[in-house]
Amino acid sequence: AGNNVNGSNGNKGSTPETKQAADFDLDGRTPFNNDNWYLQYPTYTCQKGGTITLKIKVDDGGYVKYAEPLSVEGIDPCVVENARKYAKKARFNASSKPMQEGTITYKFKAQ
């Protein structure tokens, strides 16, 4: 499993809860250069808060090429849009896998 920005063991289920602001599940990968700055998290960017998990696809260079929410039901559109935006800014370490699927979960705190 991956790691969150605070060093947990990452997500363990298909739609996990996270107590941290950002967490990911991407087998064998870490944030680029093991620097959590590359997994930025937008906690206070929307009026309403919420937790959202996005399916991501990461290329062999560690760049997120695809990021879409697993579900948007009941989630503020601001949270959905910001989660997509920040997921696409995330970067992970390189891998020999040409394209790898995983998830990023963001927990937004309301402004």
# chains A, B, ... in the order shown; residues from 1 in each chain; ligands from 1
$ closest_atom_pairs --of "stretch 53-82 of chain A" --to "stretch 25-38 of chain A" --cutoff "10 Å" --atoms "only C-alpha atoms" --output "tab-separated table"
residue	atom	partner	partner_atom	distance
A:Lys55	CA	A:Asp25	CA	9.7
A:Ile56	CA	A:Leu26	CA	8.9
A:Lys57	CA	A:Leu26	CA	9.3
A:Val58	CA	A:Leu26	CA	8.8
A:Gly61	CA	A:Phe32	CA	9.5
A:Gly62	CA	A:Phe32	CA	7.2
A:Tyr63	CA	A:Phe32	CA	9.3
$ closest_residue --among "A:Phe92, A:Tyr41, A:Tyr66, A:Phe24" --to "A:Lys107" --atoms "only C-alpha atoms"
A:Tyr41
$ atom_distance --atom1 "atom CA of A:Gln47" --atom2 "atom CA of A:Pro77"
10.5 Å
$ select_by_dssp --residues "stretch 22-94 of chain A" --states "helix (DSSP H, G or I)" --output "VMD selection string"
chain A and resid 32 to 34 36 to 38 77 to 89
$ residues_around --residues "A:Thr43" --least-positions-apart "2" --cutoff "6 Å" --atoms "only C-alpha atoms" --output "PyMOL selection string"
chain A and resi 41+45+108-109
$ closest_residue --among "A:Glu101, A:Asp23, A:Glu68, A:Asp60" --to "A:Arg84" --atoms "only C-alpha atoms"
A:Glu68
$ closest_residue --among "A:Tyr106, A:Leu70, A:Ser96, A:Ala90" --to "A:Thr51" --atoms "only C-alpha atoms"
A:Tyr106
$ select_by_dssp --residues "chain A" --states "strand (DSSP E)" --output "mmCIF file with N, CA, C and O atoms, in the first residue's frame"
data_model
loop_
_atom_site.group_PDB
_atom_site.id
_atom_site.type_symbol
_atom_site.label_atom_id
_atom_site.label_comp_id
_atom_site.auth_asym_id
_atom_site.auth_seq_id
_atom_site.Cartn_x
_atom_site.Cartn_y
_atom_site.Cartn_z
ATOM 1 N N ALA A 22 -4.420 13.864 3.141
ATOM 2 C CA ALA A 22 -4.169 13.222 1.854
ATOM 3 C C ALA A 22 -3.552 11.858 2.093
ATOM 4 O O ALA A 22 -2.687 11.697 2.947
ATOM 5 N N ASP A 23 -4.008 10.877 1.348
ATOM 6 C CA ASP A 23 -3.512 9.514 1.471
ATOM 7 C C ASP A 23 -3.553 8.897 0.087
ATOM 8 O O ASP A 23 -4.341 9.320 -0.752
ATOM 9 N N PHE A 24 -2.720 7.914 -0.156
ATOM 10 C CA PHE A 24 -2.744 7.272 -1.462
ATOM 11 C C PHE A 24 -2.486 5.788 -1.348
ATOM 12 O O PHE A 24 -1.948 5.310 -0.361
ATOM 13 N N ASP A 25 -2.903 5.071 -2.368
ATOM 14 C CA ASP A 25 -2.657 3.644 -2.485
ATOM 15 C C ASP A 25 -2.144 3.418 -3.900
ATOM 16 O O ASP A 25 -2.910 3.489 -4.861
ATOM 17 N N GLY A 50 -15.370 17.549 3.189
ATOM 18 C CA GLY A 50 -15.758 16.227 2.725
ATOM 19 C C GLY A 50 -14.544 15.386 2.391
ATOM 20 O O GLY A 50 -13.432 15.882 2.265
ATOM 21 N N THR A 51 -14.783 14.089 2.276
ATOM 22 C CA THR A 51 -13.739 13.143 1.915
ATOM 23 C C THR A 51 -14.058 12.573 0.551
ATOM 24 O O THR A 51 -15.202 12.196 0.292
ATOM 25 N N ILE A 52 -13.052 12.519 -0.318
ATOM 26 C CA ILE A 52 -13.258 12.016 -1.672
ATOM 27 C C ILE A 52 -12.062 11.155 -2.078
ATOM 28 O O ILE A 52 -10.921 11.493 -1.791
ATOM 29 N N THR A 53 -12.372 10.047 -2.728
ATOM 30 C CA THR A 53 -11.334 9.159 -3.253
ATOM 31 C C THR A 53 -11.392 9.190 -4.767
ATOM 32 O O THR A 53 -12.469 9.065 -5.350
ATOM 33 N N LEU A 54 -10.231 9.371 -5.377
ATOM 34 C CA LEU A 54 -10.134 9.412 -6.835
ATOM 35 C C LEU A 54 -9.320 8.224 -7.334
ATOM 36 O O LEU A 54 -8.318 7.861 -6.726
ATOM 37 N N LYS A 55 -9.768 7.669 -8.452
ATOM 38 C CA LYS A 55 -8.973 6.664 -9.150
ATOM 39 C C LYS A 55 -7.939 7.434 -9.956
ATOM 40 O O LYS A 55 -8.276 8.408 -10.639
ATOM 41 N N ILE A 56 -6.681 7.009 -9.853
ATOM 42 C CA ILE A 56 -5.623 7.675 -10.610
ATOM 43 C C ILE A 56 -4.886 6.672 -11.484
ATOM 44 O O ILE A 56 -4.873 5.478 -11.207
ATOM 45 N N LYS A 57 -4.289 7.182 -12.548
ATOM 46 C CA LYS A 57 -3.389 6.418 -13.394
ATOM 47 C C LYS A 57 -2.097 7.213 -13.470
ATOM 48 O O LYS A 57 -2.103 8.400 -13.799
ATOM 49 N N VAL A 58 -0.993 6.535 -13.152
ATOM 50 C CA VAL A 58 0.310 7.171 -13.073
ATOM 51 C C VAL A 58 1.237 6.538 -14.104
ATOM 52 O O VAL A 58 1.315 5.313 -14.202
ATOM 53 N N ASP A 59 1.943 7.380 -14.877
ATOM 54 C CA ASP A 59 2.849 6.842 -15.894
ATOM 55 C C ASP A 59 4.179 6.414 -15.273
ATOM 56 O O ASP A 59 4.390 6.578 -14.062
ATOM 57 N N VAL A 64 0.753 11.869 -12.722
ATOM 58 C CA VAL A 64 -0.646 11.452 -12.752
ATOM 59 C C VAL A 64 -1.239 11.902 -14.087
ATOM 60 O O VAL A 64 -1.290 13.088 -14.382
ATOM 61 N N LYS A 65 -1.689 10.940 -14.877
ATOM 62 C CA LYS A 65 -2.250 11.227 -16.201
ATOM 63 C C LYS A 65 -3.773 11.175 -16.213
ATOM 64 O O LYS A 65 -4.399 11.635 -17.157
ATOM 65 N N TYR A 66 -4.363 10.610 -15.167
ATOM 66 C CA TYR A 66 -5.815 10.447 -15.095
ATOM 67 C C TYR A 66 -6.194 10.541 -13.625
ATOM 68 O O TYR A 66 -5.534 9.953 -12.765
ATOM 69 N N ALA A 67 -7.247 11.271 -13.330
ATOM 70 C CA ALA A 67 -7.754 11.383 -11.963
ATOM 71 C C ALA A 67 -9.244 11.650 -12.015
ATOM 72 O O ALA A 67 -9.666 12.717 -12.466
ATOM 73 N N GLU A 68 -10.031 10.693 -11.607
ATOM 74 C CA GLU A 68 -11.487 10.841 -11.578
ATOM 75 C C GLU A 68 -12.037 10.261 -10.276
ATOM 76 O O GLU A 68 -11.591 9.211 -9.820
ATOM 77 N N PRO A 69 -13.032 10.935 -9.685
ATOM 78 C CA PRO A 69 -13.608 10.454 -8.434
ATOM 79 C C PRO A 69 -14.297 9.105 -8.602
ATOM 80 O O PRO A 69 -14.903 8.840 -9.646
ATOM 81 N N MET A 99 2.046 2.140 -17.001
ATOM 82 C CA MET A 99 0.884 2.861 -16.472
ATOM 83 C C MET A 99 0.381 2.056 -15.285
ATOM 84 O O MET A 99 0.175 0.853 -15.394
ATOM 85 N N GLN A 100 0.197 2.723 -14.169
ATOM 86 C CA GLN A 100 -0.229 2.045 -12.952
ATOM 87 C C GLN A 100 -1.458 2.727 -12.384
ATOM 88 O O GLN A 100 -1.541 3.953 -12.356
ATOM 89 N N GLU A 101 -2.418 1.918 -11.927
ATOM 90 C CA GLU A 101 -3.633 2.455 -11.331
ATOM 91 C C GLU A 101 -3.551 2.408 -9.812
ATOM 92 O O GLU A 101 -2.931 1.521 -9.245
ATOM 93 N N GLY A 102 -4.177 3.389 -9.188
ATOM 94 C CA GLY A 102 -4.238 3.442 -7.738
ATOM 95 C C GLY A 102 -5.297 4.441 -7.323
ATOM 96 O O GLY A 102 -6.181 4.793 -8.122
ATOM 97 N N THR A 103 -5.212 4.913 -6.096
ATOM 98 C CA THR A 103 -6.168 5.900 -5.598
ATOM 99 C C THR A 103 -5.453 6.974 -4.786
ATOM 100 O O THR A 103 -4.382 6.741 -4.229
ATOM 101 N N ILE A 104 -6.081 8.135 -4.734
ATOM 102 C CA ILE A 104 -5.714 9.200 -3.801
ATOM 103 C C ILE A 104 -6.994 9.577 -3.081
ATOM 104 O O ILE A 104 -8.040 9.755 -3.706
ATOM 105 N N THR A 105 -6.911 9.709 -1.761
ATOM 106 C CA THR A 105 -8.043 10.143 -0.960
ATOM 107 C C THR A 105 -7.684 11.469 -0.304
ATOM 108 O O THR A 105 -6.627 11.597 0.307
ATOM 109 N N TYR A 106 -8.559 12.442 -0.475
ATOM 110 C CA TYR A 106 -8.387 13.756 0.142
ATOM 111 C C TYR A 106 -9.495 13.967 1.173
ATOM 112 O O TYR A 106 -10.654 13.659 0.916
ATOM 113 N N LYS A 107 -9.121 14.529 2.302
ATOM 114 C CA LYS A 107 -10.097 14.907 3.315
ATOM 115 C C LYS A 107 -10.051 16.423 3.448
ATOM 116 O O LYS A 107 -9.098 16.987 3.962
ATOM 117 N N PHE A 108 -11.086 17.066 2.905
ATOM 118 C CA PHE A 108 -11.166 18.528 2.940
ATOM 119 C C PHE A 108 -11.806 18.981 4.243
ATOM 120 O O PHE A 108 -12.820 18.436 4.668
#
